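Just work-v1.txt here, compact mmCIF, C-alpha atoms and all ligand atoms:
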# COMPACT_ATOMS: atom_id res chain seq x y z
CA MET A 216 90.74 -14.40 196.97
CA PRO A 217 92.46 -13.36 193.75
CA VAL A 218 90.54 -12.44 190.61
CA ARG A 219 91.70 -14.63 187.72
CA ARG A 220 94.33 -12.88 185.61
CA ALA A 221 93.83 -13.06 181.85
CA LYS A 222 94.83 -11.47 178.57
CA THR A 223 92.40 -10.12 176.00
CA SER A 224 93.65 -12.73 173.51
CA ILE A 225 92.31 -15.64 175.61
CA LEU A 226 88.91 -14.17 176.44
CA LYS A 227 85.95 -16.31 175.45
CA SER A 228 82.30 -15.60 174.91
CA GLY A 229 80.50 -14.73 178.14
CA ASP A 230 83.61 -13.80 180.09
CA ILE A 231 83.42 -10.65 182.16
CA ALA A 232 86.54 -8.65 181.46
CA LEU A 233 87.55 -6.24 184.21
CA ILE A 234 89.97 -3.81 182.61
CA GLY A 235 91.77 -0.88 184.22
CA ILE A 236 91.62 2.45 182.41
CA PRO A 237 94.51 4.51 183.85
CA PHE A 238 93.37 7.78 182.29
CA ASP A 239 92.69 11.16 183.94
CA ASP A 240 93.98 13.60 181.31
CA HIS A 241 90.49 15.03 180.84
CA SER A 242 89.78 15.79 184.50
CA SER A 243 88.91 19.45 184.94
CA PHE A 244 89.66 19.95 188.65
CA LEU A 245 91.98 17.29 190.09
CA LYS A 246 94.01 14.47 188.62
CA GLY A 247 94.33 11.17 190.45
CA SER A 248 91.76 8.74 189.02
CA ALA A 249 94.37 7.27 186.65
CA THR A 250 95.95 5.51 189.62
CA ALA A 251 92.64 3.94 190.72
CA PRO A 252 92.40 0.59 188.89
CA PRO A 253 94.92 -1.63 190.75
CA LEU A 254 93.81 -0.16 194.09
CA ILE A 255 90.21 -1.16 193.40
CA ILE A 256 91.36 -4.69 192.50
CA ASP A 257 93.39 -4.76 195.75
CA ALA A 258 90.21 -3.84 197.62
CA ILE A 259 88.22 -6.60 195.88
CA GLU A 260 90.95 -9.07 196.85
CA SER A 261 91.49 -7.70 200.36
CA ASN A 262 91.83 -10.25 203.12
CA SER A 263 89.64 -7.98 205.23
CA ALA A 264 86.55 -9.24 203.39
CA ASN A 265 85.30 -12.38 201.70
CA TYR A 266 84.39 -13.05 198.11
CA PHE A 267 80.64 -13.51 198.47
CA THR A 268 78.00 -11.11 197.22
CA GLU A 269 75.16 -10.21 199.57
CA GLY A 270 72.91 -12.57 197.61
CA LEU A 271 75.21 -15.42 198.72
CA MET A 272 76.95 -15.89 195.39
CA ASP A 273 80.56 -16.98 195.82
CA LEU A 274 82.48 -15.10 193.14
CA ALA A 275 85.28 -17.64 193.56
CA ASP A 276 83.00 -20.07 191.69
CA HIS A 277 83.07 -17.81 188.64
CA PRO A 278 86.41 -17.98 186.85
CA ASP A 279 84.72 -16.27 183.88
CA VAL A 280 85.32 -13.02 185.80
CA CYS A 281 88.85 -11.94 184.92
CA TRP A 282 91.19 -9.02 185.41
CA LEU A 283 93.06 -7.87 182.34
CA GLY A 284 95.20 -5.34 184.19
CA ASN A 285 95.61 -1.77 183.06
CA ALA A 286 94.96 -1.05 179.40
CA PRO A 287 98.09 0.16 177.59
CA LEU A 288 97.10 3.65 176.46
CA LYS A 289 99.01 6.09 174.33
CA ASP A 290 95.99 8.05 173.24
CA TYR A 291 92.45 8.74 174.44
CA PHE A 292 90.91 6.83 171.54
CA ASP A 293 93.00 3.74 172.27
CA ILE A 294 90.24 3.10 174.82
CA GLU A 295 87.79 2.52 171.95
CA VAL A 296 90.15 0.02 170.29
CA ILE A 297 90.71 -1.97 173.47
CA ILE A 298 86.99 -2.21 174.31
CA ALA A 299 86.25 -3.24 170.70
CA GLU A 300 88.76 -6.12 171.07
CA ILE A 301 87.00 -7.34 174.22
CA LEU A 302 83.61 -7.16 172.49
CA LYS A 303 84.94 -8.99 169.44
CA ARG A 304 85.64 -11.98 171.69
CA GLY A 305 82.10 -11.96 173.03
CA ALA A 306 83.14 -10.82 176.52
CA ILE A 307 81.44 -8.14 178.62
CA PRO A 308 83.77 -5.18 179.23
CA PHE A 309 83.77 -3.78 182.78
CA SER A 310 86.11 -0.78 182.86
CA ILE A 311 87.38 0.42 186.21
CA GLY A 312 89.17 3.59 187.19
CA GLY A 313 89.86 6.69 185.19
CA ASP A 314 87.85 9.88 184.84
CA HIS A 315 84.41 9.93 183.26
CA SER A 316 85.71 11.03 179.86
CA ILE A 317 86.53 7.36 179.19
CA THR A 318 82.85 6.54 178.72
CA TYR A 319 82.71 8.30 175.34
CA PRO A 320 85.34 6.16 173.55
CA ILE A 321 83.92 3.10 175.31
CA LEU A 322 80.47 3.90 173.91
CA ARG A 323 81.90 4.33 170.42
CA ALA A 324 82.98 0.69 170.64
CA MET A 325 79.80 -0.46 172.39
CA SER A 326 77.44 1.12 169.85
CA ALA A 327 79.21 -0.65 166.99
CA SER A 328 78.20 -3.96 168.62
CA TYR A 329 74.86 -2.78 170.05
CA PRO A 330 73.12 -0.26 167.78
CA SER A 331 70.10 0.14 170.11
CA LEU A 332 71.85 0.62 173.42
CA SER A 333 70.34 2.33 176.46
CA ILE A 334 72.54 3.88 179.15
CA LEU A 335 71.93 3.86 182.90
CA HIS A 336 74.19 6.52 184.41
CA PHE A 337 74.75 7.07 188.14
CA ASP A 338 76.36 10.42 188.92
CA ALA A 339 76.09 13.62 190.95
CA HIS A 340 76.71 15.41 187.64
CA GLY A 341 75.03 15.20 184.25
CA ASP A 342 78.36 15.37 182.38
CA LEU A 343 76.44 16.94 179.49
CA TYR A 344 78.46 20.14 178.93
CA ASP A 345 78.96 20.90 175.27
CA SER A 346 82.54 21.64 176.32
CA TRP A 347 84.38 22.48 179.52
CA GLY A 348 87.65 24.35 179.93
CA GLY A 349 87.93 24.52 176.15
CA SER A 350 87.72 20.75 175.72
CA ARG A 351 84.89 18.81 174.09
CA TYR A 352 86.43 15.63 175.55
CA SER A 353 86.34 16.85 179.16
CA HIS A 354 85.05 14.49 181.85
CA ALA A 355 82.21 17.02 182.10
CA SER A 356 81.13 16.29 178.50
CA PRO A 357 81.08 12.57 177.63
CA PHE A 358 77.30 12.23 177.52
CA ALA A 359 76.99 15.24 175.20
CA ARG A 360 79.31 13.49 172.71
CA ILE A 361 77.53 10.16 173.14
CA MET A 362 74.07 11.61 172.54
CA GLU A 363 74.94 13.91 169.65
CA GLU A 364 76.63 11.01 167.84
CA GLY A 365 73.60 8.80 168.42
CA LEU A 366 75.64 6.17 170.30
CA SER A 367 72.71 5.52 172.63
CA GLN A 368 68.98 5.46 172.01
CA GLY A 369 68.20 6.62 175.54
CA LEU A 370 70.07 8.00 178.54
CA THR A 371 68.75 7.70 182.11
CA GLN A 372 70.67 9.59 184.79
CA VAL A 373 70.27 8.89 188.50
CA GLY A 374 71.48 10.91 191.48
CA ILE A 375 71.98 14.21 189.64
CA ARG A 376 72.22 17.23 191.94
CA THR A 377 74.19 19.84 189.99
CA LEU A 378 72.02 20.84 187.03
CA ASN A 379 72.42 24.39 185.73
CA ASP A 380 70.76 26.27 182.84
CA HIS A 381 73.12 24.94 180.19
CA GLN A 382 72.83 21.35 181.33
CA GLN A 383 69.03 21.62 181.51
CA MET A 384 69.07 22.74 177.87
CA GLN A 385 71.23 19.73 177.01
CA VAL A 386 68.81 17.45 178.88
CA SER A 387 65.95 18.77 176.72
CA LYS A 388 67.96 18.66 173.51
CA PHE A 389 68.98 15.03 173.97
CA GLY A 390 65.76 13.81 175.63
CA VAL A 391 67.58 12.63 178.74
CA ARG A 392 65.54 11.10 181.57
CA VAL A 393 66.88 12.65 184.78
CA VAL A 394 66.05 11.03 188.11
CA ASP A 395 67.46 13.90 190.13
CA MET A 396 68.51 13.41 193.72
CA ARG A 397 65.85 15.79 195.04
CA ASN A 398 63.03 13.70 193.56
CA TRP A 399 64.56 10.25 193.98
CA SER A 400 62.70 7.61 195.96
CA PRO A 401 63.63 3.97 196.65
CA ALA A 402 60.64 2.90 194.53
CA VAL A 403 61.93 4.51 191.33
CA ASP A 404 61.81 2.11 188.38
CA LEU A 405 65.22 1.95 186.68
CA ASN A 406 64.54 -1.09 184.58
CA LEU A 407 65.04 -0.47 180.87
CA SER A 408 64.45 -2.79 177.96
CA GLY A 409 67.03 -4.04 175.47
CA PRO A 410 70.80 -3.98 175.91
CA VAL A 411 71.97 -1.58 178.62
CA TYR A 412 75.33 0.03 179.33
CA LEU A 413 75.78 0.95 183.00
CA SER A 414 78.12 3.82 183.92
CA PHE A 415 78.81 4.40 187.60
CA ASP A 416 80.52 7.59 188.82
CA MET A 417 81.63 7.16 192.44
CA ASP A 418 80.61 10.73 193.26
CA VAL A 419 76.94 9.72 193.05
CA LEU A 420 77.57 8.55 196.61
CA ASP A 421 77.53 11.14 199.34
CA PRO A 422 81.08 12.32 200.12
CA ALA A 423 80.54 11.00 203.65
CA PHE A 424 80.47 7.48 202.16
CA ALA A 425 82.95 8.04 199.33
CA PRO A 426 85.41 10.84 200.09
CA GLY A 427 87.87 9.55 197.48
CA VAL A 428 86.47 11.48 194.54
CA SER A 429 87.62 14.70 192.87
CA HIS A 430 84.30 16.54 193.18
CA HIS A 431 82.67 16.40 196.60
CA GLU A 432 78.96 17.03 196.04
CA PRO A 433 77.00 16.71 199.29
CA GLY A 434 73.50 15.28 199.44
CA GLY A 435 74.19 12.00 197.64
CA PHE A 436 73.29 8.38 198.17
CA THR A 437 74.31 6.19 201.05
CA THR A 438 76.23 3.08 200.07
CA ARG A 439 73.20 1.03 201.14
CA GLU A 440 70.84 2.96 198.85
CA VAL A 441 73.14 2.31 195.89
CA LEU A 442 73.47 -1.38 196.72
CA ARG A 443 69.70 -1.67 197.03
CA MET A 444 69.20 -0.05 193.61
CA ILE A 445 71.74 -2.40 192.05
CA GLN A 446 70.18 -5.45 193.68
CA LEU A 447 66.75 -4.50 192.25
CA LEU A 448 68.00 -4.10 188.68
CA ASP A 449 66.59 -6.52 186.14
CA LEU A 450 68.46 -5.54 182.99
CA ASN A 451 70.35 -6.99 180.07
CA ILE A 452 73.67 -5.34 180.97
CA VAL A 453 76.21 -5.63 178.14
CA GLY A 454 78.95 -3.31 179.38
CA LEU A 455 79.87 -1.28 182.45
CA ASP A 456 82.27 1.21 183.91
CA LEU A 457 83.04 2.48 187.39
CA VAL A 458 84.88 5.81 187.26
CA GLU A 459 86.16 8.82 189.20
CA TYR A 460 87.64 7.05 192.20
CA ASN A 461 90.48 9.37 193.21
CA PRO A 462 92.88 7.63 195.67
CA ASP A 463 94.58 10.96 196.50
CA ARG A 464 91.39 12.05 198.26
CA ASP A 465 90.53 8.76 199.94
CA LEU A 466 90.54 8.20 203.70
CA ASN A 467 91.95 4.83 204.82
CA GLY A 468 90.82 3.23 201.56
CA VAL A 469 87.14 3.48 202.49
CA THR A 470 86.14 4.61 198.99
CA ALA A 471 88.13 1.80 197.38
CA MET A 472 86.21 -0.68 199.53
CA ALA A 473 82.91 0.97 198.56
CA ALA A 474 83.94 0.65 194.89
CA ALA A 475 84.87 -2.99 195.42
CA LYS A 476 81.52 -3.74 197.08
CA ILE A 477 79.60 -2.03 194.26
CA ILE A 478 81.58 -3.97 191.65
CA LYS A 479 80.87 -7.26 193.42
CA GLU A 480 77.13 -6.55 193.50
CA LEU A 481 77.22 -5.50 189.83
CA LEU A 482 79.03 -8.74 188.96
CA ALA A 483 76.20 -10.63 190.64
CA LYS A 484 73.83 -9.09 188.08
CA LEU A 485 75.94 -10.47 185.22
CA LEU A 486 76.48 -14.05 186.43
MN MN B 501 80.71 11.77 185.91
MN MN B 502 80.39 13.09 188.90
Show me, as structure tokens, the structure contained in the file I just sent.
Amino acid sequence: MPVRRAKTSILKSGDIALIGIPFDDHSSFLKGSATAPPLIIDAIESNSANYFTEGLMDLADHPDVCWLGNAPLKDYFDIEVIIAEILKRGAIPFSIGGDHSITYPILRAMSASYPSLSILHFDAHGDLYDSWGGSRYSHASPFARIMEEGLSQGLTQVGIRTLNDHQQMQVSKFGVRVVDMRNWSPAVDLNLSGPVYLSFDMDVLDPAFAPGVSHHEPGGFTTREVLRMIQLLDLNIVGLDLVEYNPDRDLNGVTAMAAAKIIKELLAKLL
């Protein structure tokens, strides 16, 4: 089942705009996530699966979900411009692929439309470093930029299992709510009020379930635990991203299929 192809210029209010962000220049360890977007779309459209969500919603009945293809990027901050164009048309941007640095320019656009935006962030890592490898735009730093610029009124992070002294200081400085992996339980309440941006780093999953990521951090979620959390969300989601899928590290496309499944269940929350 193909996802409807569309251009930004024909988006209408309420559309859900899947857009590929082929950007991994700010990855600190391995490149590869720039090639992710069309492979994730291939997985969504794979003949090996159908187009229903687990809640029995047929996504084929929802032509308001569309695929814009890869964003044409010459510069990191082109990401902000492209997301702003989607928002201007009243559509919900759902960015796929790329490294996690893309969330900062996305949030610059999002906060212009939603001044009191909360963020729900799934990740093995806090991505709160003031800088990493000499770069303040590293994929290890987007949430430091977002919080110091006041682009979000509240950040909730789920699945974290790599905090160090510096990142704990950043957590305190920015008032981040951390639901760390060690203390997570299925009953945790992730429901926030007001408009919410959801950012999903594939490495929040255990590497056994999602080997196609640059940073293997053992002790993560099963795919089922993530799907269950998504299915229990009751939020006003106004923008999303799914990042850090690295096809170079994948095994038989299993991580692409996990990404596709997660995207389908997230779409069910928007429709
Ligand atoms: Mn991340
Ligand atoms: Mn991560």
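Pairwise distance (atom CA of A:Gly409, atom CA of A:Gly369) equals 10.7 Å.
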If you count all atoms listed in the file, the residue of A:Thr268, A:Ser367, A:Thr250, A:Ser310 closest to A:Ser333 turns out to be A:Ser367
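Interatomic distance, atom CA of A:Phe244 against atom CA of A:Ser429: 7.0 Å.
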Surrounding residues of A:Ala474 excluding itself and chain neighbours under 4 positions, 8 Å, only C-alpha atoms, as a ChimeraX atom specification: /A:255,417,457,460,470,478
Kindly export the residues of the current selection with C-alpha atoms, as a PDB file, keeping the file's coordinate frame.
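Written output follows (again-v4.pdb):
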ATOM      1  CA  ILE A 255      90.210  -1.160 193.400  1.00  0.00           C
ATOM      2  CA  MET A 417      81.630   7.160 192.440  1.00  0.00           C
ATOM      3  CA  LEU A 457      83.040   2.480 187.390  1.00  0.00           C
ATOM      4  CA  TYR A 460      87.640   7.050 192.200  1.00  0.00           C
ATOM      5  CA  THR A 470      86.140   4.610 198.990  1.00  0.00           C
ATOM      6  CA  ILE A 478      81.580  -3.970 191.650  1.00  0.00           C
TER       7      ILE A 478
END
A:Tyr319 environment, 7 Å, only C-alpha atoms, sequence neighbours closer than 3 positions dropped, as a PyMOL selection string
chain A and resi 316+322-323+357+360-361
Check: What residues have any atom no more than 9 Å from ligand MN 502 (chain B) when counting only C-alpha atoms and all ligand atoms, and can you list them as a PyMOL selection string?
Finding: chain A and resi 315+337-342+354-355+375+415-419+428-432+458-459
Counting only C-alpha atoms and all ligand atoms, closest pick from A:Ala306, A:Leu283, A:Val373, A:Ala249 relative to ligand MN 501 (chain B) is A:Val373
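For the residues A:His336, A:Arg439, A:Lys484, A:Lys476, ranking by smallest atom-to-atom distance to ligand MN 501 (chain B) using all atoms listed in the file places A:His336 first.
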From the list A:Ile259, A:Leu442, A:Leu413, A:Ala264, the nearest residue to A:Met325 using all atoms listed in the file is A:Leu413
